[in-house]
$ cat protein31.txt   # compact mmCIF, C-alpha atoms
# COMPACT_ATOMS: atom_id res chain seq x y z
CA MET A 1 27.81 0.98 -41.63
CA ALA A 2 24.71 -1.11 -42.26
CA LYS A 3 26.02 -3.76 -39.89
CA GLN A 4 26.60 -1.15 -37.19
CA LEU A 5 23.04 0.20 -37.61
CA LEU A 6 21.66 -3.33 -37.41
CA LEU A 7 23.58 -4.03 -34.20
CA ALA A 8 22.49 -0.71 -32.71
CA SER A 9 18.87 -1.45 -33.62
CA ALA A 10 19.10 -4.92 -32.07
CA PHE A 11 20.58 -3.44 -28.88
CA MET A 12 17.78 -0.87 -28.63
CA MET A 13 15.12 -3.55 -29.12
CA ALA A 14 16.72 -5.74 -26.46
CA THR A 15 16.84 -2.79 -24.08
CA LEU A 16 13.18 -1.96 -24.69
CA CYS A 17 12.16 -5.58 -24.17
CA ALA A 18 14.12 -5.76 -20.92
CA PHE A 19 12.46 -2.54 -19.75
CA ALA A 20 8.99 -3.88 -20.58
CA GLN A 21 9.70 -7.12 -18.76
CA ASN A 22 11.06 -5.18 -15.80
CA ASN A 23 7.67 -3.52 -15.34
CA THR A 24 5.74 -6.79 -15.30
CA THR A 25 8.13 -9.05 -13.37
CA ASP A 26 9.82 -8.76 -10.01
CA GLU A 27 12.30 -10.94 -8.13
CA GLY A 28 10.51 -10.26 -4.87
CA VAL A 29 11.79 -10.37 -1.28
CA GLU A 30 10.76 -13.01 1.25
CA ILE A 31 9.85 -11.77 4.72
CA ASN A 32 8.37 -14.17 7.28
CA GLY A 33 7.62 -16.72 4.58
CA ILE A 34 5.76 -14.27 2.31
CA VAL A 35 7.28 -13.05 -0.97
CA TRP A 36 6.65 -9.32 -1.44
CA ALA A 37 7.14 -7.34 -4.62
CA THR A 38 9.84 -4.69 -4.33
CA ARG A 39 7.75 -2.01 -6.07
CA ASN A 40 4.23 -0.60 -5.93
CA VAL A 41 1.66 -1.26 -8.63
CA ASP A 42 1.65 1.39 -11.35
CA ALA A 43 -0.76 1.06 -14.30
CA PRO A 44 -2.81 -2.16 -14.01
CA GLY A 45 -0.63 -5.16 -14.75
CA THR A 46 2.66 -3.31 -14.20
CA PHE A 47 5.05 -2.38 -11.42
CA ALA A 48 6.54 1.07 -10.89
CA ASP A 49 10.06 1.47 -12.28
CA ASN A 50 11.82 1.75 -8.91
CA PRO A 51 11.14 0.85 -5.25
CA GLU A 52 10.88 4.53 -4.35
CA ASP A 53 8.36 5.34 -7.11
CA ALA A 54 4.82 5.99 -5.91
CA GLY A 55 2.97 3.94 -8.49
CA MET A 56 -0.75 4.75 -8.71
CA PHE A 57 -3.82 4.80 -6.46
CA PHE A 58 -6.71 2.33 -6.69
CA GLN A 59 -10.16 2.13 -5.17
CA TRP A 60 -11.18 -1.16 -3.56
CA ASN A 61 -12.17 -3.83 -6.14
CA ARG A 62 -11.68 -1.39 -9.02
CA LYS A 63 -8.93 -1.82 -11.56
CA LYS A 64 -8.81 1.79 -12.75
CA ALA A 65 -5.59 3.57 -11.74
CA TRP A 66 -5.43 7.18 -10.55
CA ASN A 67 -2.46 9.53 -10.42
CA VAL A 68 -0.84 10.38 -7.09
CA THR A 69 0.09 14.02 -7.73
CA ASP A 70 -2.92 16.17 -8.67
CA GLU A 71 -4.66 17.85 -5.74
CA GLU A 72 -8.07 17.38 -7.34
CA ILE A 73 -9.11 15.04 -10.17
CA GLU A 74 -12.17 14.58 -12.36
CA GLY A 75 -14.28 11.48 -12.82
CA TRP A 76 -13.78 10.08 -9.34
CA ASN A 77 -16.38 7.49 -8.31
CA ILE A 78 -17.61 8.37 -4.82
CA THR A 79 -19.65 5.19 -4.38
CA ALA A 80 -18.33 2.16 -2.48
CA PRO A 81 -18.09 -1.15 -4.38
CA GLU A 82 -20.61 -3.43 -2.63
CA VAL A 83 -19.08 -6.87 -3.16
CA ILE A 84 -17.97 -9.50 -0.66
CA GLU A 85 -14.43 -9.88 -1.99
CA TRP A 86 -11.87 -8.24 -4.27
CA GLU A 87 -12.61 -10.04 -7.51
CA THR A 88 -9.73 -11.63 -9.41
CA ALA A 89 -10.73 -9.85 -12.61
CA ASN A 90 -10.20 -6.50 -10.85
CA ASP A 91 -6.81 -7.34 -9.34
CA PRO A 92 -4.31 -4.84 -10.86
CA CYS A 93 -1.21 -6.83 -9.83
CA PRO A 94 0.97 -8.19 -12.66
CA ALA A 95 0.69 -11.86 -13.63
CA GLY A 96 1.91 -14.18 -10.88
CA TRP A 97 1.13 -11.63 -8.16
CA ARG A 98 -1.98 -10.60 -6.20
CA ILE A 99 -3.23 -8.13 -3.60
CA PRO A 100 -2.22 -9.28 -0.09
CA ASN A 101 -4.85 -10.42 2.39
CA TYR A 102 -5.29 -9.27 5.97
CA THR A 103 -3.10 -11.97 7.48
CA GLU A 104 -0.18 -11.26 5.13
CA LEU A 105 -0.23 -7.51 5.72
CA ARG A 106 -0.63 -8.07 9.45
CA THR A 107 2.76 -9.84 9.51
CA LEU A 108 4.40 -6.53 8.54
CA THR A 109 3.06 -4.90 11.72
CA ASN A 110 5.13 -7.44 13.65
CA THR A 111 8.23 -7.06 11.48
CA THR A 112 11.21 -4.83 12.28
CA SER A 113 10.62 -1.53 10.47
CA THR A 114 12.09 1.95 10.39
CA TRP A 115 10.81 5.27 9.08
CA ALA A 116 13.12 6.60 6.34
CA THR A 117 13.39 10.23 5.30
CA ASN A 118 15.04 10.78 1.89
CA TRP A 119 15.45 7.02 1.49
CA ASN A 120 18.78 6.16 -0.20
CA GLY A 121 19.11 9.78 -1.31
CA THR A 122 16.04 9.54 -3.56
CA GLY A 123 14.18 12.36 -1.81
CA VAL A 124 11.32 9.96 -1.00
CA ASN A 125 9.97 9.29 2.49
CA GLY A 126 8.61 5.92 3.54
CA ARG A 127 9.20 2.89 5.69
CA VAL A 128 11.67 0.02 5.45
CA PHE A 129 10.41 -3.40 6.56
CA GLY A 130 12.58 -6.39 7.41
CA LEU A 131 16.32 -6.86 7.84
CA ALA A 132 18.86 -6.85 4.99
CA PRO A 133 18.91 -8.55 2.59
CA HIS A 134 15.23 -9.40 3.24
CA GLN A 135 13.91 -5.84 3.11
CA ILE A 136 11.28 -3.89 1.23
CA PHE A 137 10.70 -0.13 1.08
CA LEU A 138 7.15 1.19 1.02
CA PRO A 139 6.93 4.85 -0.04
CA ALA A 140 4.65 7.17 1.92
CA VAL A 141 2.44 8.18 -0.99
CA GLY A 142 -0.51 9.46 1.03
CA ASN A 143 -3.98 8.64 -0.29
CA ARG A 144 -7.06 10.02 -1.98
CA THR A 145 -10.15 10.62 0.12
CA THR A 146 -13.60 9.35 -0.85
CA THR A 147 -14.04 12.50 -2.93
CA GLY A 148 -10.71 12.06 -4.74
CA THR A 149 -8.82 14.78 -2.87
CA LEU A 150 -5.09 14.13 -2.33
CA ASN A 151 -4.18 13.68 1.34
CA ALA A 152 -0.92 13.61 3.32
CA PRO A 153 1.71 12.76 0.66
CA HIS A 154 5.21 12.12 2.07
CA THR A 155 3.91 11.52 5.63
CA LEU A 156 1.34 8.72 5.29
CA GLY A 157 1.37 5.30 3.65
CA VAL A 158 -1.93 3.45 3.09
CA TYR A 159 -2.00 0.08 1.32
CA TRP A 160 -5.01 -2.04 0.38
CA SER A 161 -5.84 -5.47 1.72
CA SER A 162 -7.96 -7.79 -0.43
CA GLU A 163 -10.31 -8.46 2.48
CA PRO A 164 -13.55 -6.60 3.19
CA PHE A 165 -14.97 -5.68 6.55
CA SER A 166 -18.53 -6.38 7.68
CA SER A 167 -19.72 -2.98 6.51
CA PRO A 168 -20.15 -2.74 2.69
CA ALA A 169 -18.39 0.63 2.79
CA LEU A 170 -15.23 -0.59 4.54
CA ALA A 171 -12.26 -2.90 3.92
CA TRP A 172 -9.05 -3.72 5.77
CA ILE A 173 -6.05 -1.50 5.09
CA PHE A 174 -2.40 -1.42 6.18
CA MET A 175 -0.97 1.95 7.08
CA PHE A 176 1.98 3.77 8.62
CA VAL A 177 2.86 7.37 9.45
CA ALA A 178 5.96 9.53 9.64
CA ASP A 179 7.00 8.33 13.05
CA ASP A 180 9.78 5.95 14.14
CA GLN A 181 7.75 4.51 17.01
CA ASP A 182 6.87 0.80 16.88
CA ASN A 183 3.17 1.59 17.11
CA SER A 184 3.13 3.79 14.00
CA VAL A 185 2.30 0.77 11.78
CA TRP A 186 -1.11 -0.86 12.02
CA MET A 187 -4.12 -2.50 10.37
CA SER A 188 -7.43 -0.64 10.29
CA ASN A 189 -10.98 -1.13 9.04
CA THR A 190 -12.56 2.10 10.22
CA LEU A 191 -10.15 4.80 9.12
CA PHE A 192 -10.81 5.04 5.39
CA TYR A 193 -13.40 3.70 2.98
CA ARG A 194 -13.57 1.55 -0.18
CA ALA A 195 -14.21 4.66 -2.27
CA GLY A 196 -10.84 6.06 -1.17
CA GLY A 197 -7.71 5.66 -3.28
CA PHE A 198 -4.72 3.81 -1.82
CA SER A 199 -1.47 2.15 -2.91
CA ILE A 200 -1.01 -1.55 -3.64
CA ARG A 201 2.01 -3.73 -2.86
CA CYS A 202 1.58 -7.24 -4.28
CA VAL A 203 2.54 -10.65 -2.90
CA LYS A 204 3.61 -13.68 -4.92
CA ILE A 205 0.80 -16.07 -5.73
CA ASN A 206 1.06 -19.30 -3.76
CA PRO A 207 -1.67 -21.89 -4.32
CA GLN A 208 -1.16 -23.18 -0.78
CA THR A 209 -1.83 -19.79 0.80
CA SER A 210 -5.39 -19.33 2.02
CA ILE A 211 -7.13 -16.17 3.14
CA ASN A 212 -7.61 -16.44 6.89
CA PRO A 213 -10.30 -14.38 8.63
CA PRO A 214 -9.03 -11.54 10.81
CA PRO A 215 -8.65 -12.60 14.43
CA THR A 216 -11.05 -11.29 17.03
CA GLU A 217 -9.50 -8.29 18.74
CA THR A 218 -9.99 -8.32 22.52
CA ASN A 219 -8.36 -6.75 25.58
CA ARG A 220 -6.80 -3.94 23.58
CA THR A 221 -4.71 -1.19 25.15
CA ILE A 222 -4.41 2.26 23.58
CA VAL A 223 -0.79 3.10 22.77
CA ALA A 224 -1.02 6.20 20.57
CA PHE A 225 -3.25 8.89 19.07
CA TYR A 226 -2.94 10.42 15.58
CA ASN A 227 -4.86 12.99 13.59
CA VAL A 228 -6.15 12.19 10.08
CA LEU A 229 -2.96 13.56 8.53
CA GLY A 230 -0.90 10.96 10.39
CA GLN A 231 0.55 13.40 12.93
CA ARG A 232 1.10 11.94 16.40
CA LEU A 233 -0.89 13.52 19.24
CA GLY A 234 -0.05 13.59 22.92
CA GLN A 235 -3.64 12.77 23.84
CA ALA A 236 -7.08 12.48 22.32
CA PRO A 237 -8.29 15.87 21.05
CA GLN A 238 -11.25 17.57 22.68
CA ARG A 239 -13.03 17.91 19.35
CA GLY A 240 -12.80 16.42 15.86
CA ILE A 241 -11.82 13.15 14.19
CA TYR A 242 -8.76 11.25 15.39
CA ILE A 243 -7.16 7.79 15.21
CA VAL A 244 -6.61 5.47 18.14
CA VAL A 245 -3.85 2.85 17.81
CA PHE A 246 -3.89 -0.26 19.99
CA ASP A 247 -1.11 -2.56 21.18
CA ASN A 248 -2.27 -5.43 18.94
CA GLY A 249 -1.50 -3.51 15.74
CA THR A 250 -5.08 -2.42 14.97
CA ALA A 251 -6.63 1.04 14.94
CA GLU A 252 -9.98 2.73 14.77
CA ARG A 253 -11.31 6.15 13.96
CA ARG A 254 -13.11 8.11 16.65
CA MET A 255 -14.89 11.45 16.73
CA ARG A 256 -15.79 13.90 19.46
$ encode --input "protein31.txt" --output "structure tokens"
Amino acid sequence: MAKQLLLASAFMMATLCAFAQNNTTDEGVEINGIVWATRNVDAPGTFADNPEDAGMFFQWNRKKAWNVTDEEIEGWNITAPEVIEWETANDPCPAGWRIPNYTELRTLTNTTSTWATNWNGTGVNGRVFGLAPHQIFLPAVGNRTTTGTLNAPHTLGVYWSSEPFSSPALAWIFMFVADDQDNSVWMSNTLFYRAGGFSIRCVKINPQTSINPPPTETNRTIVAFYNVLGQRLGQAPQRGIYIVVFDNGTAERRMR
């Protein structure tokens, strides 16, 4: 009996250790030469349990994690971090991983992707990037506004880039909406602000990878309009805030 208890105890310990390791390590998936984690960041230094799990929200250059379910939360910091880069000490990715830069996220805008409703029967909406077996699923978690209010869960995915924009209030983000059109995935620097809360999907650290500056965007053609909830519009609205998406994978916010 004692031997059986000892074996059972050892099995439980091994299971717990494997679970703990599972939340801090990831095999990753290579797409276009970049190794992406298969899960979002949860608490700082850990991955979510499963690819479909939301993980947690983060403000730009802040390591504090926020939940993705409460409509309103307390203690939200409405100020924008005024630094020139996302500091390594504030990177919430697990060891061996880091927040992707503009160039890395931009490659996903040029990668085959498909909107998925109820992905793999999990009840979670999001977008699949790449071709099997080199695929990752990014759940559409929504975001928190600069006041901490929950916005557009299940229809909008917004993921941080490590790179700032020229304005101290802005930074580059990667986003997609509930739409199977090719132009429903883009990079933006004017849509949301550093004080907002977004998801993080890490990339494998590679000492040979450098952060390249965003290319100059010229000769852009408008290909789509969206409202702030990520709903596609037939044309620009007569009044209010809306999003313009261009054919080079970028977007900007406009107001009438």
$ residues_around --input "protein31.txt" --residues "A:Ala178" --least-positions-apart "5" --cutoff "9 Å" --atoms "all atoms listed in the file" --output "ChimeraX atom specification"
/A:115-117,125-127,140,154-157,184,230-232
$ closest_residue --input "protein31.txt" --among "A:Ala236, A:Met56, A:Val141, A:Ala37" --to "A:Pro100" --atoms "only C-alpha atoms"
A:Ala37
$ atom_distance --input "protein31.txt" --atom1 "atom CA of A:Ala54" --atom2 "atom CA of A:Pro81"
24.0 Å
$ closest_residue --input "protein31.txt" --among "A:Cys202, A:Ala132, A:Ile99, A:Met187" --to "A:Ile243" --atoms "only C-alpha atoms"
A:Met187
$ closest_residue --input "protein31.txt" --among "A:Asp180, A:Glu252, A:Asp247, A:Glu30" --to "A:His134" --atoms "only C-alpha atoms"
A:Glu30
$ closest_residue --input "protein31.txt" --among "A:Val83, A:Val41, A:Leu233, A:Val223" --to "A:Trp97" --atoms "all atoms listed in the file"
A:Val41
$ residues_around --input "protein31.txt" --residues "A:Thr145" --least-positions-apart "4" --cutoff "8 Å" --atoms "only C-alpha atoms" --output "list in words"
Thr149, Leu150, Asn151, Phe192, Ala195, Gly196 and Gly197 of chain A
$ write_last_selection --input "protein31.txt" --atoms "C-alpha atoms" --output "PDB file, in the frame of the given file"
ATOM      1  CA  THR A 149      -8.820  14.780  -2.870  1.00  0.00           C
ATOM      2  CA  LEU A 150      -5.090  14.130  -2.330  1.00  0.00           C
ATOM      3  CA  ASN A 151      -4.180  13.680   1.340  1.00  0.00           C
ATOM      4  CA  PHE A 192     -10.810   5.040   5.390  1.00  0.00           C
ATOM      5  CA  ALA A 195     -14.210   4.660  -2.270  1.00  0.00           C
ATOM      6  CA  GLY A 196     -10.840   6.060  -1.170  1.00  0.00           C
ATOM      7  CA  GLY A 197      -7.710   5.660  -3.280  1.00  0.00           C
TER       8      GLY A 197
END
$ atom_distance --input "protein31.txt" --atom1 "atom CA of A:Asn61" --atom2 "atom CA of A:Ser162"
8.1 Å
$ atom_distance --input "protein31.txt" --atom1 "atom CA of A:Arg144" --atom2 "atom CA of A:Pro44"
17.6 Å
$ closest_residue --input "protein31.txt" --among "A:Thr114, A:Thr146, A:Thr107, A:Asn50" --to "A:Val35" --atoms "only C-alpha atoms"
A:Thr107
$ closest_residue --input "protein31.txt" --among "A:Asp179, A:Asp26, A:Glu163, A:Glu82" --to "A:Tyr102" --atoms "only C-alpha atoms"
A:Glu163
$ axis_aligned_box --input "protein31.txt" --around "stretch 155-159 of chain A" --padding-each-side "6 Å" --output "lines of an AutoDock Vina configuration file"
center_x = 1.0
center_y = 5.8
center_z = 3.5
size_x = 17.9
size_y = 23.4
size_z = 16.3
$ residues_around --input "protein31.txt" --residues "A:Leu108" --least-positions-apart "5" --cutoff "12 Å" --atoms "only C-alpha atoms" --output "NGL selection string"
:A and (30-36 or 100-103 or 113-114 or 127-131 or 135-138 or 159 or 174-176 or 182-187 or 201 or 249)
$ residues_around --input "protein31.txt" --residues "A:Phe57" --least-positions-apart "4" --cutoff "10 Å" --atoms "only C-alpha atoms" --output "PyMOL selection string"
chain A and resi 40-43+63-68+141-144+158-160+196-200
